[in-house]
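Colleague: Before we start, here is the structure in question, set down as structure tokens.
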2 protein chains.
Amino acid sequence: MTRTKAKTPRKAKKKKAPRTKAEQRAETLEQILDAAEFLFSKHGLHGVTLRDVALKVGVHTSLMHYYFEDKFALFKTVFVRRAPVTSERRMKALDQYEKNAKGKPTVAGALHAFLDTDYDLYMSGGEGWKNYGAFGSQLSNTPEGAAMFDEHFDPVVLRLIGILRKAMPDVPEENIFWGYHFITGSFMHSLSRSGRLDRLSNGLCKSGDLDAVKARMAEFMAAGFSSLRKR
Amino acid sequence: MTRTKAKTPRKAKKKKAPRTKAEQRAETLEQILDAAEFLFSKHGLHGVTLRDVALKVGVHTSLMHYYFEDKFALFKTVFVRRAPVTSERRMKALDQYEKNAKGKPTVAGALHAFLDTDYDLYMSGGEGWKNYGAFGSQLSNTPEGAAMFDEHFDPVVLRLIGILRKAMPDVPEENIFWGYHFITGSFMHSLSRSGRLDRLSNGLCKSGDLDAVKARMAEFMAAGFSSLRKR
DNA sequence: ATTATCTATAGATCTATAGATAATGC
DNA sequence: ATTATCTATAGATCTATAGATAATGC
């Protein structure tokens, strides 16, 4: 990260010294993870130095090593911190949906549960969640990054696939996976909020407008699946 | 790039010394760009050092500076080298399609021209093109990277959008842009060949199987657009 | 005579560790 | 007494440049 200057470190210690050490530890840890998440989401693992993170938090670089083994450990922790939250929320939403569907799930219904639940989280979870979305979107298009998804997200995704199979008994299983491949590409891209769509559409659409994305994606993809029936 | 060891540099000078200096220059330049393209596609701009590239080519680091101002100049050259090739091919394919359509273009037809033309290139263009696809897919999910697309790809994309508008006069323009947003996410993701789909589907599908992707994507996305009609 | 490539090296980071200091904990 | 944070610094890269050498060009 050479181009983007990090913010000036906090001069006055605004934060009231937390009472307990456990609190202090938790607070600092959270600040480090938030800063790292933000920076990684902009520049990737190798585009950020531990000094960048420390500077942004307003703390000495060596403290990074006190809390984390090395940079990659910090990176992994950023990834792991929020992964179970999104995963479990969607898992519950799928459970709930299947229960309500009483043996007759639809593609659109399953996709709404899977996608909309997550968009709600990214939209209402604050800056941290938005940064995490951009962070994850970068990972999804690189071999090493994508491998990190397996452990935390395979269960929800396979849960979704299971419901989709029930909803489309006439569609070959491989086609359902291909459909998911398309969906995840669009979904991750939408979380990157790269700004390209804004310029391309001359301001008509904003890539950060997750409301607009949420309003269209599930139905779009459900319609897409209809093309996979034949063959 | 600390983990992946670069290949051992060429010991014996296998290449017969090229006759003319212009040839030698062109040859070395191509080797550098190929090596850089490969490494950048794996590790991103900041995950690769000029030494990595030099080592892979089998040449001294300082030669990188002889040919390029700095690392970012090399990066940009990698991007720019192939961009016009894909752009112009697709532009021609769209021109051709629209001509054949005689005023009655279809969504599926336009998408086949736009997508299949490019998949053919990535499939038959050799390793270099595959690396370029992975290289580009990383860029597309980051703000800085996506901005690089504007200059070289806006014209083809807007050409596509123009045809789509003709094919869907009843669909609001913004929805066409949102549809494109979804398409480009899936398309770029498919070029990353991240390997995740392979593991997720337990080998049933391979993310590197661009034939399978090509066979399904245009129709899938065309069907998706049908959902954007209403509203 | 010009250009491609290498040698040598300076200066700038960056990571990581040892040890000191300043807080909280009992 | 323990833990959070800072100071100081070593060692390892990495970038970039000046100048030498070895080719091609006429």
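Letters A, B, ... mark the chains of the structure tokens in the order given; residue numbers begin at 1 per chain; ligand numbers begin at 1, in order shown.
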Could you please select, counting only C-alpha atoms (C1' of nucleotides), the residues of chain A within 8 Å of chain C and state them as a CSV table (one decimal) with all heavy atoms, in the first residue's frame?

Modeller:
```csv
chain,number,residue,atom,x,y,z
A,20,THR,N,-11.4,-3.4,32.5
A,20,THR,CA,-10.6,-4.7,32.6
A,20,THR,C,-9.7,-4.9,31.5
A,20,THR,O,-9.9,-4.4,30.4
A,20,THR,CB,-11.6,-5.9,32.7
A,20,THR,OG1,-11.2,-6.9,31.9
A,20,THR,CG2,-13.0,-5.5,32.3
A,21,LYS,N,-8.7,-5.8,31.7
A,21,LYS,CA,-7.7,-6.1,30.7
A,21,LYS,C,-8.4,-6.9,29.5
A,21,LYS,O,-8.0,-6.7,28.4
A,21,LYS,CB,-6.6,-6.9,31.3
A,21,LYS,CG,-5.6,-6.0,32.1
A,21,LYS,CD,-4.3,-6.7,32.2
A,21,LYS,CE,-3.3,-5.7,32.9
A,21,LYS,NZ,-2.0,-6.2,33.0
A,49,THR,N,0.7,-3.7,4.6
A,49,THR,CA,1.7,-4.1,5.5
A,49,THR,C,1.2,-4.0,6.9
A,49,THR,O,0.2,-3.3,7.2
A,49,THR,CB,3.0,-3.2,5.4
A,49,THR,OG1,2.6,-1.9,5.9
A,49,THR,CG2,3.4,-3.2,3.9
A,65,HIS,N,2.4,-8.2,16.2
A,65,HIS,CA,3.0,-9.5,16.5
A,65,HIS,C,2.6,-10.0,17.9
A,65,HIS,O,2.8,-11.2,18.2
A,65,HIS,CB,4.5,-9.4,16.3
A,65,HIS,CG,4.9,-9.2,14.9
A,65,HIS,ND1,5.3,-7.9,14.4
A,65,HIS,CD2,5.0,-10.0,13.9
A,65,HIS,CE1,5.6,-8.0,13.2
A,65,HIS,NE2,5.4,-9.3,12.8
```

Colleague: Measuring atom to atom with only C-alpha atoms, identify which of B:Gly179, B:Gly195, B:Gly203, B:Gly58 is nearest to A:Glu219.

Modeller: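 The answer is B:Gly179, which sits nearest to A:Glu219.
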
Colleague: Identify all residues of stretch 51-209 of chain A in alpha helix (DSSP H) (DSSP on the backbone) and supply them as a tab-separated table (two decimals) with N, CA and C atoms, in the first residue's frame.

Modeller:
```
chain	number	residue	atom	x	y	z
A	51	ARG	N	2.53	-2.54	9.18
A	51	ARG	CA	2.72	-1.15	9.58
A	51	ARG	C	1.52	-0.32	9.17
A	52	ASP	N	0.97	-0.59	7.98
A	52	ASP	CA	-0.23	0.12	7.54
A	52	ASP	C	-1.36	-0.06	8.55
A	53	VAL	N	-1.55	-1.31	8.95
A	53	VAL	CA	-2.63	-1.61	9.88
A	53	VAL	C	-2.39	-0.92	11.22
A	54	ALA	N	-1.16	-1.05	11.72
A	54	ALA	CA	-0.83	-0.43	13.01
A	54	ALA	C	-1.03	1.07	12.95
A	55	LEU	N	-0.58	1.66	11.86
A	55	LEU	CA	-0.71	3.11	11.71
A	55	LEU	C	-2.18	3.52	11.73
A	56	LYS	N	-3.00	2.75	11.06
A	56	LYS	CA	-4.42	3.09	11.00
A	56	LYS	C	-5.08	2.96	12.37
A	57	VAL	N	-4.63	2.01	13.13
A	57	VAL	CA	-5.20	1.84	14.47
A	57	VAL	C	-4.62	2.88	15.43
A	62	SER	N	4.79	-3.36	16.39
A	62	SER	CA	5.15	-4.58	17.12
A	62	SER	C	3.95	-5.18	17.84
A	63	LEU	N	2.94	-4.36	18.06
A	63	LEU	CA	1.75	-4.89	18.72
A	63	LEU	C	1.01	-5.90	17.82
A	64	MET	N	1.20	-5.74	16.51
A	64	MET	CA	0.60	-6.70	15.59
A	64	MET	C	1.11	-8.10	15.89
A	65	HIS	N	2.39	-8.17	16.22
A	65	HIS	CA	2.98	-9.48	16.49
A	65	HIS	C	2.63	-10.00	17.87
A	66	TYR	N	2.24	-9.09	18.71
A	66	TYR	CA	1.79	-9.53	20.03
A	66	TYR	C	0.45	-10.26	19.90
A	67	TYR	N	-0.40	-9.76	19.02
A	67	TYR	CA	-1.72	-10.37	18.88
A	67	TYR	C	-1.79	-11.46	17.81
A	71	LYS	N	1.37	-11.87	9.40
A	71	LYS	CA	0.36	-11.18	8.62
A	71	LYS	C	-0.74	-12.12	8.13
A	72	PHE	N	-0.33	-13.29	7.71
A	72	PHE	CA	-1.34	-14.22	7.18
A	72	PHE	C	-2.30	-14.68	8.28
A	73	ALA	N	-1.80	-14.81	9.48
A	73	ALA	CA	-2.68	-15.17	10.60
A	73	ALA	C	-3.73	-14.07	10.81
A	74	LEU	N	-3.29	-12.84	10.71
A	74	LEU	CA	-4.24	-11.71	10.82
A	74	LEU	C	-5.27	-11.79	9.70
A	75	PHE	N	-4.79	-12.06	8.51
A	75	PHE	CA	-5.68	-12.17	7.35
A	75	PHE	C	-6.73	-13.25	7.55
A	76	LYS	N	-6.27	-14.39	7.99
A	76	LYS	CA	-7.21	-15.49	8.23
A	76	LYS	C	-8.23	-15.14	9.30
A	77	THR	N	-7.75	-14.45	10.33
A	77	THR	CA	-8.67	-14.08	11.41
A	77	THR	C	-9.75	-13.13	10.90
A	78	VAL	N	-9.36	-12.21	10.02
A	78	VAL	CA	-10.35	-11.32	9.43
A	78	VAL	C	-11.41	-12.14	8.69
A	79	PHE	N	-10.94	-13.11	7.96
A	79	PHE	CA	-11.88	-13.95	7.21
A	79	PHE	C	-12.80	-14.72	8.13
A	80	VAL	N	-12.22	-15.31	9.14
A	80	VAL	CA	-12.95	-16.23	10.01
A	80	VAL	C	-13.91	-15.50	10.96
A	81	ARG	N	-13.61	-14.27	11.27
A	81	ARG	CA	-14.43	-13.55	12.25
A	81	ARG	C	-15.90	-13.50	11.86
A	82	ARG	N	-16.17	-13.19	10.60
A	82	ARG	CA	-17.58	-13.01	10.21
A	82	ARG	C	-18.17	-14.20	9.46
A	83	ALA	N	-17.32	-15.11	9.03
A	83	ALA	CA	-17.81	-16.23	8.21
A	83	ALA	C	-18.96	-17.00	8.87
A	84	PRO	N	-18.84	-17.37	10.13
A	84	PRO	CA	-19.92	-18.16	10.72
A	84	PRO	C	-21.22	-17.37	10.84
A	85	VAL	N	-21.12	-16.06	10.97
A	85	VAL	CA	-22.33	-15.26	11.09
A	85	VAL	C	-23.18	-15.37	9.83
A	86	THR	N	-22.55	-15.10	8.69
A	86	THR	CA	-23.33	-15.19	7.44
A	86	THR	C	-23.75	-16.62	7.17
A	87	SER	N	-22.85	-17.55	7.44
A	87	SER	CA	-23.15	-18.94	7.17
A	87	SER	C	-24.35	-19.44	7.98
A	88	GLU	N	-24.33	-19.14	9.26
A	88	GLU	CA	-25.41	-19.64	10.12
A	88	GLU	C	-26.75	-18.96	9.85
A	89	ARG	N	-26.67	-17.68	9.57
A	89	ARG	CA	-27.91	-16.96	9.23
A	89	ARG	C	-28.59	-17.58	8.01
A	90	ARG	N	-27.78	-17.84	7.00
A	90	ARG	CA	-28.37	-18.39	5.77
A	90	ARG	C	-28.84	-19.82	5.97
A	91	MET	N	-28.08	-20.54	6.78
A	91	MET	CA	-28.50	-21.91	7.06
A	91	MET	C	-29.87	-21.92	7.72
A	92	LYS	N	-30.05	-21.03	8.69
A	92	LYS	CA	-31.35	-20.93	9.35
A	92	LYS	C	-32.44	-20.52	8.38
A	93	ALA	N	-32.11	-19.56	7.52
A	93	ALA	CA	-33.11	-19.09	6.56
A	93	ALA	C	-33.53	-20.22	5.62
A	94	LEU	N	-32.57	-21.06	5.23
A	94	LEU	CA	-32.89	-22.17	4.34
A	94	LEU	C	-33.73	-23.22	5.08
A	95	ASP	N	-33.36	-23.49	6.31
A	95	ASP	CA	-34.14	-24.42	7.12
A	95	ASP	C	-35.59	-23.94	7.21
A	96	GLN	N	-35.71	-22.68	7.56
A	96	GLN	CA	-37.03	-22.08	7.71
A	96	GLN	C	-37.82	-22.16	6.40
A	97	TYR	N	-37.13	-21.83	5.31
A	97	TYR	CA	-37.82	-21.84	4.02
A	97	TYR	C	-38.32	-23.25	3.68
A	98	GLU	N	-37.43	-24.21	3.86
A	98	GLU	CA	-37.81	-25.57	3.48
A	98	GLU	C	-39.00	-26.06	4.32
A	99	LYS	N	-38.95	-25.68	5.57
A	99	LYS	CA	-40.04	-26.06	6.46
A	99	LYS	C	-41.36	-25.47	5.96
A	100	ASN	N	-41.33	-24.20	5.64
A	100	ASN	CA	-42.54	-23.52	5.17
A	100	ASN	C	-43.02	-24.06	3.83
A	101	ALA	N	-42.06	-24.53	3.02
A	101	ALA	CA	-42.42	-24.96	1.66
A	101	ALA	C	-43.16	-26.30	1.65
A	107	VAL	N	-37.38	-22.76	-6.88
A	107	VAL	CA	-36.04	-22.23	-7.09
A	107	VAL	C	-35.97	-20.80	-6.57
A	108	ALA	N	-36.95	-20.01	-6.97
A	108	ALA	CA	-36.95	-18.61	-6.54
A	108	ALA	C	-37.01	-18.49	-5.02
A	109	GLY	N	-37.82	-19.33	-4.41
A	109	GLY	CA	-37.95	-19.26	-2.96
A	109	GLY	C	-36.63	-19.57	-2.27
A	110	ALA	N	-35.96	-20.62	-2.73
A	110	ALA	CA	-34.68	-20.99	-2.12
A	110	ALA	C	-33.65	-19.89	-2.33
A	111	LEU	N	-33.64	-19.31	-3.51
A	111	LEU	CA	-32.65	-18.27	-3.79
A	111	LEU	C	-32.93	-17.00	-3.00
A	117	THR	N	-31.19	-12.96	2.48
A	117	THR	CA	-30.73	-12.99	3.88
A	117	THR	C	-29.35	-12.36	4.01
A	118	ASP	N	-28.49	-12.70	3.06
A	118	ASP	CA	-27.13	-12.17	3.13
A	118	ASP	C	-27.08	-10.68	2.76
A	119	TYR	N	-27.85	-10.32	1.76
A	119	TYR	CA	-27.87	-8.90	1.39
A	119	TYR	C	-28.35	-8.05	2.57
A	120	ASP	N	-29.35	-8.56	3.28
A	120	ASP	CA	-29.83	-7.82	4.46
A	120	ASP	C	-28.69	-7.58	5.44
A	121	LEU	N	-27.90	-8.61	5.62
A	121	LEU	CA	-26.77	-8.50	6.55
A	121	LEU	C	-25.76	-7.46	6.08
A	122	TYR	N	-25.40	-7.52	4.81
A	122	TYR	CA	-24.42	-6.58	4.28
A	122	TYR	C	-24.95	-5.15	4.25
A	123	MET	N	-26.26	-5.04	4.10
A	123	MET	CA	-26.83	-3.69	4.02
A	123	MET	C	-27.00	-3.06	5.40
A	124	SER	N	-27.34	-3.87	6.37
A	124	SER	CA	-27.67	-3.29	7.67
A	124	SER	C	-26.59	-3.52	8.72
A	127	GLU	N	-20.44	-0.49	8.27
A	127	GLU	CA	-19.28	-0.44	7.38
A	127	GLU	C	-18.47	-1.73	7.40
A	128	GLY	N	-18.33	-2.30	8.58
A	128	GLY	CA	-17.54	-3.52	8.71
A	128	GLY	C	-18.01	-4.62	7.77
A	129	TRP	N	-19.29	-4.81	7.73
A	129	TRP	CA	-19.82	-5.86	6.86
A	129	TRP	C	-19.64	-5.51	5.38
A	130	LYS	N	-19.77	-4.25	5.05
A	130	LYS	CA	-19.54	-3.86	3.65
A	130	LYS	C	-18.09	-4.14	3.25
A	131	ASN	N	-17.18	-3.81	4.17
A	131	ASN	CA	-15.77	-4.09	3.89
A	131	ASN	C	-15.52	-5.59	3.76
A	132	TYR	N	-16.17	-6.33	4.63
A	132	TYR	CA	-16.00	-7.79	4.57
A	132	TYR	C	-16.49	-8.34	3.22
A	133	GLY	N	-17.57	-7.79	2.73
A	133	GLY	CA	-18.08	-8.23	1.42
A	133	GLY	C	-17.07	-7.98	0.32
A	134	ALA	N	-16.48	-6.80	0.32
A	134	ALA	CA	-15.47	-6.49	-0.69
A	134	ALA	C	-14.24	-7.36	-0.51
A	135	PHE	N	-13.89	-7.57	0.73
A	135	PHE	CA	-12.77	-8.46	1.09
A	135	PHE	C	-13.00	-9.86	0.50
A	136	GLY	N	-14.18	-10.40	0.75
A	136	GLY	CA	-14.49	-11.73	0.26
A	136	GLY	C	-14.58	-11.81	-1.25
A	137	SER	N	-15.07	-10.75	-1.86
A	137	SER	CA	-15.23	-10.79	-3.32
A	137	SER	C	-13.89	-10.92	-4.01
A	138	GLN	N	-12.87	-10.31	-3.44
A	138	GLN	CA	-11.54	-10.47	-4.01
A	138	GLN	C	-11.06	-11.91	-3.89
A	139	LEU	N	-11.29	-12.49	-2.73
A	139	LEU	CA	-10.86	-13.87	-2.50
A	139	LEU	C	-11.50	-14.82	-3.49
A	140	SER	N	-12.76	-14.57	-3.80
A	140	SER	CA	-13.50	-15.56	-4.58
A	140	SER	C	-12.95	-15.75	-5.99
A	143	PRO	N	-7.39	-18.56	-6.67
A	143	PRO	CA	-7.35	-19.95	-6.21
A	143	PRO	C	-7.13	-20.06	-4.70
A	144	GLU	N	-6.12	-19.38	-4.19
A	144	GLU	CA	-5.86	-19.45	-2.75
A	144	GLU	C	-7.02	-18.91	-1.93
A	145	GLY	N	-7.57	-17.81	-2.39
A	145	GLY	CA	-8.68	-17.21	-1.67
A	145	GLY	C	-9.90	-18.11	-1.67
A	146	ALA	N	-10.23	-18.62	-2.85
A	146	ALA	CA	-11.43	-19.44	-2.97
A	146	ALA	C	-11.34	-20.67	-2.08
A	147	ALA	N	-10.13	-21.17	-1.91
A	147	ALA	CA	-9.95	-22.35	-1.06
A	147	ALA	C	-10.36	-22.06	0.38
A	148	MET	N	-10.24	-20.81	0.77
A	148	MET	CA	-10.62	-20.46	2.14
A	148	MET	C	-12.13	-20.55	2.35
A	149	PHE	N	-12.88	-20.49	1.26
A	149	PHE	CA	-14.33	-20.56	1.38
A	149	PHE	C	-14.80	-21.96	1.76
A	150	ASP	N	-14.09	-22.96	1.26
A	150	ASP	CA	-14.55	-24.34	1.41
A	150	ASP	C	-15.01	-24.65	2.82
A	151	GLU	N	-14.09	-24.51	3.73
A	151	GLU	CA	-14.37	-24.93	5.10
A	151	GLU	C	-15.60	-24.26	5.70
A	152	HIS	N	-15.71	-22.95	5.45
A	152	HIS	CA	-16.78	-22.21	6.14
A	152	HIS	C	-18.10	-22.15	5.38
A	153	PHE	N	-18.03	-22.28	4.07
A	153	PHE	CA	-19.27	-22.06	3.32
A	153	PHE	C	-19.82	-23.29	2.59
A	154	ASP	N	-19.04	-24.34	2.48
A	154	ASP	CA	-19.56	-25.53	1.82
A	154	ASP	C	-20.90	-26.00	2.41
A	155	PRO	N	-21.02	-26.07	3.73
A	155	PRO	CA	-22.28	-26.58	4.29
A	155	PRO	C	-23.53	-25.80	3.83
A	156	VAL	N	-23.49	-24.47	3.91
A	156	VAL	CA	-24.67	-23.71	3.45
A	156	VAL	C	-24.92	-23.89	1.99
A	157	VAL	N	-23.85	-23.86	1.21
A	157	VAL	CA	-24.04	-23.95	-0.23
A	157	VAL	C	-24.63	-25.30	-0.60
A	158	LEU	N	-24.12	-26.36	0.04
A	158	LEU	CA	-24.65	-27.69	-0.27
A	158	LEU	C	-26.09	-27.83	0.22
A	159	ARG	N	-26.38	-27.11	1.28
A	159	ARG	CA	-27.79	-27.08	1.77
A	159	ARG	C	-28.67	-26.46	0.70
A	160	LEU	N	-28.23	-25.32	0.15
A	160	LEU	CA	-28.97	-24.68	-0.93
A	160	LEU	C	-29.12	-25.61	-2.13
A	161	ILE	N	-28.02	-26.22	-2.52
A	161	ILE	CA	-28.05	-27.13	-3.67
A	161	ILE	C	-29.06	-28.25	-3.44
A	162	GLY	N	-29.10	-28.75	-2.23
A	162	GLY	CA	-30.06	-29.81	-1.92
A	162	GLY	C	-31.49	-29.38	-2.15
A	163	ILE	N	-31.81	-28.17	-1.73
A	163	ILE	CA	-33.18	-27.68	-1.93
A	163	ILE	C	-33.44	-27.44	-3.42
A	164	LEU	N	-32.43	-26.91	-4.10
A	164	LEU	CA	-32.61	-26.66	-5.54
A	164	LEU	C	-32.88	-27.97	-6.30
A	165	ARG	N	-32.23	-29.02	-5.87
A	165	ARG	CA	-32.46	-30.32	-6.52
A	165	ARG	C	-33.91	-30.77	-6.33
A	166	LYS	N	-34.41	-30.56	-5.14
A	166	LYS	CA	-35.82	-30.90	-4.90
A	166	LYS	C	-36.74	-30.06	-5.76
A	167	ALA	N	-36.37	-28.78	-5.91
A	167	ALA	CA	-37.21	-27.87	-6.68
A	167	ALA	C	-37.12	-28.14	-8.18
A	173	GLU	N	-27.99	-32.88	-12.11
A	173	GLU	CA	-27.29	-32.32	-10.95
A	173	GLU	C	-26.16	-31.38	-11.37
A	174	GLU	N	-25.40	-31.77	-12.39
A	174	GLU	CA	-24.27	-30.92	-12.78
A	174	GLU	C	-24.75	-29.52	-13.19
A	175	ASN	N	-25.92	-29.48	-13.80
A	175	ASN	CA	-26.42	-28.17	-14.20
A	175	ASN	C	-26.77	-27.28	-13.01
A	176	ILE	N	-27.17	-27.91	-11.94
A	176	ILE	CA	-27.45	-27.13	-10.74
A	176	ILE	C	-26.16	-26.53	-10.20
A	177	PHE	N	-25.09	-27.31	-10.25
A	177	PHE	CA	-23.80	-26.76	-9.82
A	177	PHE	C	-23.34	-25.63	-10.76
A	178	TRP	N	-23.55	-25.81	-12.04
A	178	TRP	CA	-23.18	-24.73	-12.96
A	178	TRP	C	-24.00	-23.47	-12.69
A	179	GLY	N	-25.27	-23.68	-12.42
A	179	GLY	CA	-26.10	-22.52	-12.08
A	179	GLY	C	-25.59	-21.82	-10.83
A	180	TYR	N	-25.19	-22.63	-9.85
A	180	TYR	CA	-24.65	-22.02	-8.64
A	180	TYR	C	-23.35	-21.26	-8.95
A	181	HIS	N	-22.56	-21.83	-9.81
A	181	HIS	CA	-21.31	-21.18	-10.25
A	181	HIS	C	-21.61	-19.77	-10.79
A	182	PHE	N	-22.65	-19.67	-11.59
A	182	PHE	CA	-23.02	-18.36	-12.14
A	182	PHE	C	-23.50	-17.42	-11.04
A	183	ILE	N	-24.32	-17.97	-10.16
A	183	ILE	CA	-24.86	-17.14	-9.09
A	183	ILE	C	-23.76	-16.59	-8.20
A	184	THR	N	-22.86	-17.45	-7.80
A	184	THR	CA	-21.83	-16.98	-6.86
A	184	THR	C	-20.93	-15.94	-7.52
A	185	GLY	N	-20.71	-16.08	-8.82
A	185	GLY	CA	-19.93	-15.06	-9.51
A	185	GLY	C	-20.61	-13.70	-9.45
A	186	SER	N	-21.89	-13.67	-9.75
A	186	SER	CA	-22.64	-12.41	-9.70
A	186	SER	C	-22.74	-11.87	-8.29
A	187	PHE	N	-23.00	-12.77	-7.37
A	187	PHE	CA	-23.17	-12.37	-5.97
A	187	PHE	C	-21.89	-11.72	-5.43
A	188	MET	N	-20.79	-12.40	-5.64
A	188	MET	CA	-19.52	-11.87	-5.13
A	188	MET	C	-19.17	-10.56	-5.83
A	189	HIS	N	-19.39	-10.52	-7.10
A	189	HIS	CA	-19.11	-9.28	-7.83
A	189	HIS	C	-19.93	-8.12	-7.28
A	190	SER	N	-21.17	-8.41	-6.93
A	190	SER	CA	-22.02	-7.33	-6.41
A	190	SER	C	-21.51	-6.83	-5.06
A	191	LEU	N	-20.84	-7.69	-4.32
A	191	LEU	CA	-20.31	-7.26	-3.02
A	191	LEU	C	-19.02	-6.45	-3.16
A	192	SER	N	-18.43	-6.51	-4.33
A	192	SER	CA	-17.17	-5.76	-4.51
A	192	SER	C	-17.44	-4.27	-4.66
A	196	ARG	N	-17.54	0.31	-11.22
A	196	ARG	CA	-17.51	0.30	-12.69
A	196	ARG	C	-18.90	0.49	-13.29
A	197	LEU	N	-19.89	-0.14	-12.69
A	197	LEU	CA	-21.25	-0.02	-13.22
A	197	LEU	C	-21.72	1.42	-13.22
A	198	ASP	N	-21.33	2.16	-12.20
A	198	ASP	CA	-21.72	3.57	-12.09
A	198	ASP	C	-21.27	4.35	-13.32
A	199	ARG	N	-20.01	4.14	-13.67
A	199	ARG	CA	-19.45	4.87	-14.81
A	199	ARG	C	-20.03	4.35	-16.12
A	200	LEU	N	-20.13	3.04	-16.20
A	200	LEU	CA	-20.62	2.42	-17.43
A	200	LEU	C	-22.04	2.89	-17.76
```

Colleague: Of the candidates A:Ala36, A:Lys42, A:Leu50, A:His112, which shows the shortest atom-to-atom distance to chain B, using only C-alpha atoms?

Modeller: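 Among A:Ala36, A:Lys42, A:Leu50, A:His112, it is A:Lys42 that comes nearest to chain B.
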
Colleague: Please report the interatomic distance between atom CA of B:Ser201 and atom CA of A:Ser194 in Å with one decimal.

Modeller: 29.1 Å

Colleague: Pick the closest to chain B from A:Ala215, A:Glu69, A:Met168, A:Cys205: which is it, counting only C-alpha atoms?

Modeller: A:Cys205

Colleague: Between B:His43, B:Arg19, B:His60, B:Lys104, single out the one closest to chain A, counting only C-alpha atoms.

Modeller: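 Nearest candidate to chain A out of B:His43, B:Arg19, B:His60, B:Lys104: B:His43.
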
Colleague: What is the distance, in Å and to one decimal place, between atom CA of A:Ala222 and atom CA of A:Pro172?

Modeller: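 Computed distance, atom CA of A:Ala222 to atom CA of A:Pro172, equals 15.6 Å.
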
Colleague: Please, what distance in Å, to one decimal, runs between atom CA of A:Phe225 and atom CA of B:Gly224?

Modeller: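 Spanning atom CA of A:Phe225 to atom CA of B:Gly224 is a straight-line distance of 8.0 Å.
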
Colleague: Just checking: using only C-alpha atoms, which residue out of B:Ala113, B:Asp170, B:Ala218, B:His46 ends up closest to chain A?

Modeller: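 Of the candidates, the smallest distance to chain A is held by B:His46.
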